[in-house]
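J.: Just dropping this structure here.
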Amino acid sequence: MAQISAALVKELRERTGAGIGDCKKALEATEGNLDAAAEKLRMDGAAKADKKAGRTAAEGILAIAEDGSAVAIVELNSETDFVAKAGEFRDLAKRAAEVALKHRPASVEALVAIEDGGESLDTQRRTLIARIGENMAIRRFEVVEKSGGPLVTYMHPGDKTGVIVAMESGDEALARDLAMHIAAMSPIYLDVASIPAEMIEAERRVIEAQVAEQAEGKPAEIVAKMVDGKLRKFAAEITLLGQPFVRNDAYGMKSDDAIAKVLEKTGSKVARFVRFSVGEGIEKQKTDFAAEVMAQAGIKA
């Protein structure tokens, strides 16, 4: 077996970022050949990434990149919040946002395959998985282009909730207030017309079943009005324009006035918004931490 010097291990570590032990093993396996050892580390990292791929990654951060005409937002997930705070992890998220903004890919699969800087984002992700030891995934992204008016972003402290608002008309101060409202109140759609018809019909069936129990014996026209009223309330709660504005007082509006009224009063129009919150929609694995520690210590519960 070739003698592996500390200097050679150091050189491979600086080249690949892998751990000292992994570098030494790779050099030993390749008889001190730096290029072969680097390739082995890359292949081993891919294998480790594949092995960890089934583990739930529901923590993470958001990253935003902007160039004045468009904004990209990316969600990068990890298994633990501890890893999400690591500098390398945050750098990968930022790089993914920059690549998404530059190349405007059609899907996450297309995004991670882009080679920008010599390596694809997926290769960079796999390398980081091998180094850190946790599964991680670029889950989703959106690119929002300027629509005539201000294009603003809001990132809540901690980088867990981010918002982009593109205005067709209106001023930047209103756009920023709207972005903070969206972050806090979580509207799903812009307006009623944006809600999918199948969602409206599904909700109508639920409401009709509820009202049938509450309004037994009442005239059909009364029941119909009750259903329509509840459906309007449902639509208002999930649309930006239907929600009461959290900053109504600043615009001389009543506390229950919908955002649509504020926009009408100020001659403003929202073209599009995007709101991401880390881990939303991912079913997190529930673990018994005490049981895990006991199992690692070889203690039976």
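Just remember, in the structure tokens the first chain shown is A, the second B, etc., residues are 1-based per chain, and ligands are 1-based in the order shown.
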Residues within 9 Å of Ser69 (chain A), please, as a list of chain:residue names. Count only C-alpha atoms; anything in the same chain fewer than 2 positions from it doesn't count.
T.: A:Glu66, A:Asp67, A:Val71, A:Val144, A:Glu145, A:Lys146, A:Ser147, A:Leu151
J.: Write the residues of the preceding selection, restricted to C-alpha atoms, as a compact mmCIF listing (two decimals), in the first residue's frame.
T.:
```txt
# COMPACT_ATOMS: atom_id res chain seq x y z
CA GLU A 66 -33.01 39.51 -7.67
CA ASP A 67 -31.70 41.55 -10.58
CA VAL A 71 -36.91 37.82 -8.35
CA VAL A 144 -41.53 36.44 -10.53
CA GLU A 145 -41.00 39.12 -13.15
CA LYS A 146 -41.66 42.84 -12.86
CA SER A 147 -45.17 43.75 -14.04
CA LEU A 151 -41.43 44.36 -7.42
```
J.: Taking the backbone alone, and naming residues the way the document does, which bits of region 148-248 of chain A are strand (DSSP E) by DSSP, as a list in words?
T.: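 Put together, the selection reads Leu151, Val152, Thr153, Tyr154, Met155, Thr161, Gly162, Val163, Ile164, Val165, Ala166, Met167, Glu168 and Ser169 of chain A.
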J.: Would you compute the distance between CA of Glu75 (chain A) and CA of Thr239 (chain A)? Give it in Å to one decimal.
T.: 22.8 Å
J.: Please determine, counting only C-alpha atoms, which residue among A:Ala258, A:Ala175, A:Ala38, A:Ala58 has the shortest atom-to-atom distance to Glu14 (chain A).
T.: A:Ala38
J.: Between CA of Leu178 (chain A) and CA of Ala65 (chain A), what is the distance in Å, rounded to a tenth?
T.: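 Going from CA of Leu178 (chain A) over to CA of Ala65 (chain A), I get 19.8 Å.
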J.: For Leu121 (chain A), work out the shell of residues within 9 Å, counting only C-alpha atoms and skipping chain neighbours fewer than 2 positions away, then give it as a ChimeraX atom specification.
T.: /A:92,95-96,99,111-116,119,123-126,138
J.: Could you write out the selected residues, including N, CA and C atoms, as a PDB file, in the first residue's frame?
T.:
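Heads up, here's the output in out.pdb:
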```
ATOM      1  N   LEU A  92     -25.523  27.076  -0.550  1.00  0.00           N
ATOM      2  CA  LEU A  92     -26.158  26.284  -1.598  1.00  0.00           C
ATOM      3  C   LEU A  92     -27.537  26.841  -1.932  1.00  0.00           C
ATOM      4  N   ARG A  95     -27.043  29.968  -3.969  1.00  0.00           N
ATOM      5  CA  ARG A  95     -26.587  29.611  -5.313  1.00  0.00           C
ATOM      6  C   ARG A  95     -27.748  29.097  -6.157  1.00  0.00           C
ATOM      7  N   ALA A  96     -28.619  28.300  -5.548  1.00  0.00           N
ATOM      8  CA  ALA A  96     -29.778  27.763  -6.272  1.00  0.00           C
ATOM      9  C   ALA A  96     -30.702  28.893  -6.725  1.00  0.00           C
ATOM     10  N   VAL A  99     -29.059  30.677  -9.677  1.00  0.00           N
ATOM     11  CA  VAL A  99     -29.139  29.864 -10.902  1.00  0.00           C
ATOM     12  C   VAL A  99     -30.559  29.898 -11.470  1.00  0.00           C
ATOM     13  N   LEU A 111     -33.757  22.584 -12.906  1.00  0.00           N
ATOM     14  CA  LEU A 111     -32.908  23.475 -12.099  1.00  0.00           C
ATOM     15  C   LEU A 111     -31.693  22.737 -11.554  1.00  0.00           C
ATOM     16  N   VAL A 112     -31.924  21.587 -10.913  1.00  0.00           N
ATOM     17  CA  VAL A 112     -30.815  20.892 -10.257  1.00  0.00           C
ATOM     18  C   VAL A 112     -29.823  20.305 -11.259  1.00  0.00           C
ATOM     19  N   ALA A 113     -30.258  20.154 -12.521  1.00  0.00           N
ATOM     20  CA  ALA A 113     -29.373  19.597 -13.550  1.00  0.00           C
ATOM     21  C   ALA A 113     -28.466  20.656 -14.176  1.00  0.00           C
ATOM     22  N   ILE A 114     -28.751  21.927 -13.926  1.00  0.00           N
ATOM     23  CA  ILE A 114     -27.969  23.010 -14.541  1.00  0.00           C
ATOM     24  C   ILE A 114     -26.553  23.039 -13.967  1.00  0.00           C
ATOM     25  N   GLU A 115     -25.587  23.071 -14.868  1.00  0.00           N
ATOM     26  CA  GLU A 115     -24.192  23.197 -14.456  1.00  0.00           C
ATOM     27  C   GLU A 115     -23.807  24.669 -14.529  1.00  0.00           C
ATOM     28  N   ASP A 116     -23.614  25.259 -13.380  1.00  0.00           N
ATOM     29  CA  ASP A 116     -23.250  26.665 -13.297  1.00  0.00           C
ATOM     30  C   ASP A 116     -22.037  26.761 -12.387  1.00  0.00           C
ATOM     31  N   GLU A 119     -20.157  22.539 -11.868  1.00  0.00           N
ATOM     32  CA  GLU A 119     -20.887  21.400 -11.314  1.00  0.00           C
ATOM     33  C   GLU A 119     -22.369  21.710 -11.272  1.00  0.00           C
ATOM     34  N   THR A 123     -25.125  17.845  -8.037  1.00  0.00           N
ATOM     35  CA  THR A 123     -23.813  17.350  -7.604  1.00  0.00           C
ATOM     36  C   THR A 123     -23.361  18.077  -6.347  1.00  0.00           C
ATOM     37  N   GLN A 124     -23.584  19.388  -6.318  1.00  0.00           N
ATOM     38  CA  GLN A 124     -23.212  20.175  -5.143  1.00  0.00           C
ATOM     39  C   GLN A 124     -24.031  19.739  -3.929  1.00  0.00           C
ATOM     40  N   ARG A 125     -25.296  19.443  -4.163  1.00  0.00           N
ATOM     41  CA  ARG A 125     -26.167  18.981  -3.071  1.00  0.00           C
ATOM     42  C   ARG A 125     -25.689  17.631  -2.543  1.00  0.00           C
ATOM     43  N   ARG A 126     -25.376  16.719  -3.428  1.00  0.00           N
ATOM     44  CA  ARG A 126     -24.924  15.385  -3.021  1.00  0.00           C
ATOM     45  C   ARG A 126     -23.594  15.458  -2.259  1.00  0.00           C
ATOM     46  N   ILE A 138     -33.553  20.436  -2.844  1.00  0.00           N
ATOM     47  CA  ILE A 138     -34.102  21.671  -3.397  1.00  0.00           C
ATOM     48  C   ILE A 138     -35.542  21.348  -3.757  1.00  0.00           C
TER      49      ILE A 138
END
```
J.: Enter the distance from CA of Ala179 (chain A) to CA of Val152 (chain A), in Å, rounded to one decimal.
T.: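 CA of Ala179 (chain A) sits 7.6 Å away from CA of Val152 (chain A).
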J.: Using backbone DSSP assignments, extract all helix (DSSP H, G or I) residues from region 54-151 of chain A; output them as a PyMOL selection string.
T.: chain A and resi 81-84+87-103+108-113+121-132
J.: Using only C-alpha atoms, what table do you get, as a Markdown table, when you list each residue of region 94-194 of chain A with an atom no more than 10 Å from region 223-237 of chain A, its nearest pair of atoms, and their distance in Å rounded to one decimal, rows by chain then rising number?
T.:
```
| residue | atom | partner | partner_atom | distance |
| --- | --- | --- | --- | --- |
| A:Met185 | CA | A:Glu237 | CA | 9.2 |
| A:Ser186 | CA | A:Glu237 | CA | 9.4 |
| A:Pro187 | CA | A:Glu237 | CA | 7.2 |
| A:Ile188 | CA | A:Glu237 | CA | 8.9 |
| A:Tyr189 | CA | A:Ala235 | CA | 9.1 |
| A:Asp191 | CA | A:Ala236 | CA | 8.1 |
| A:Val192 | CA | A:Ala235 | CA | 6.2 |
| A:Ala193 | CA | A:Ala235 | CA | 9.7 |
```
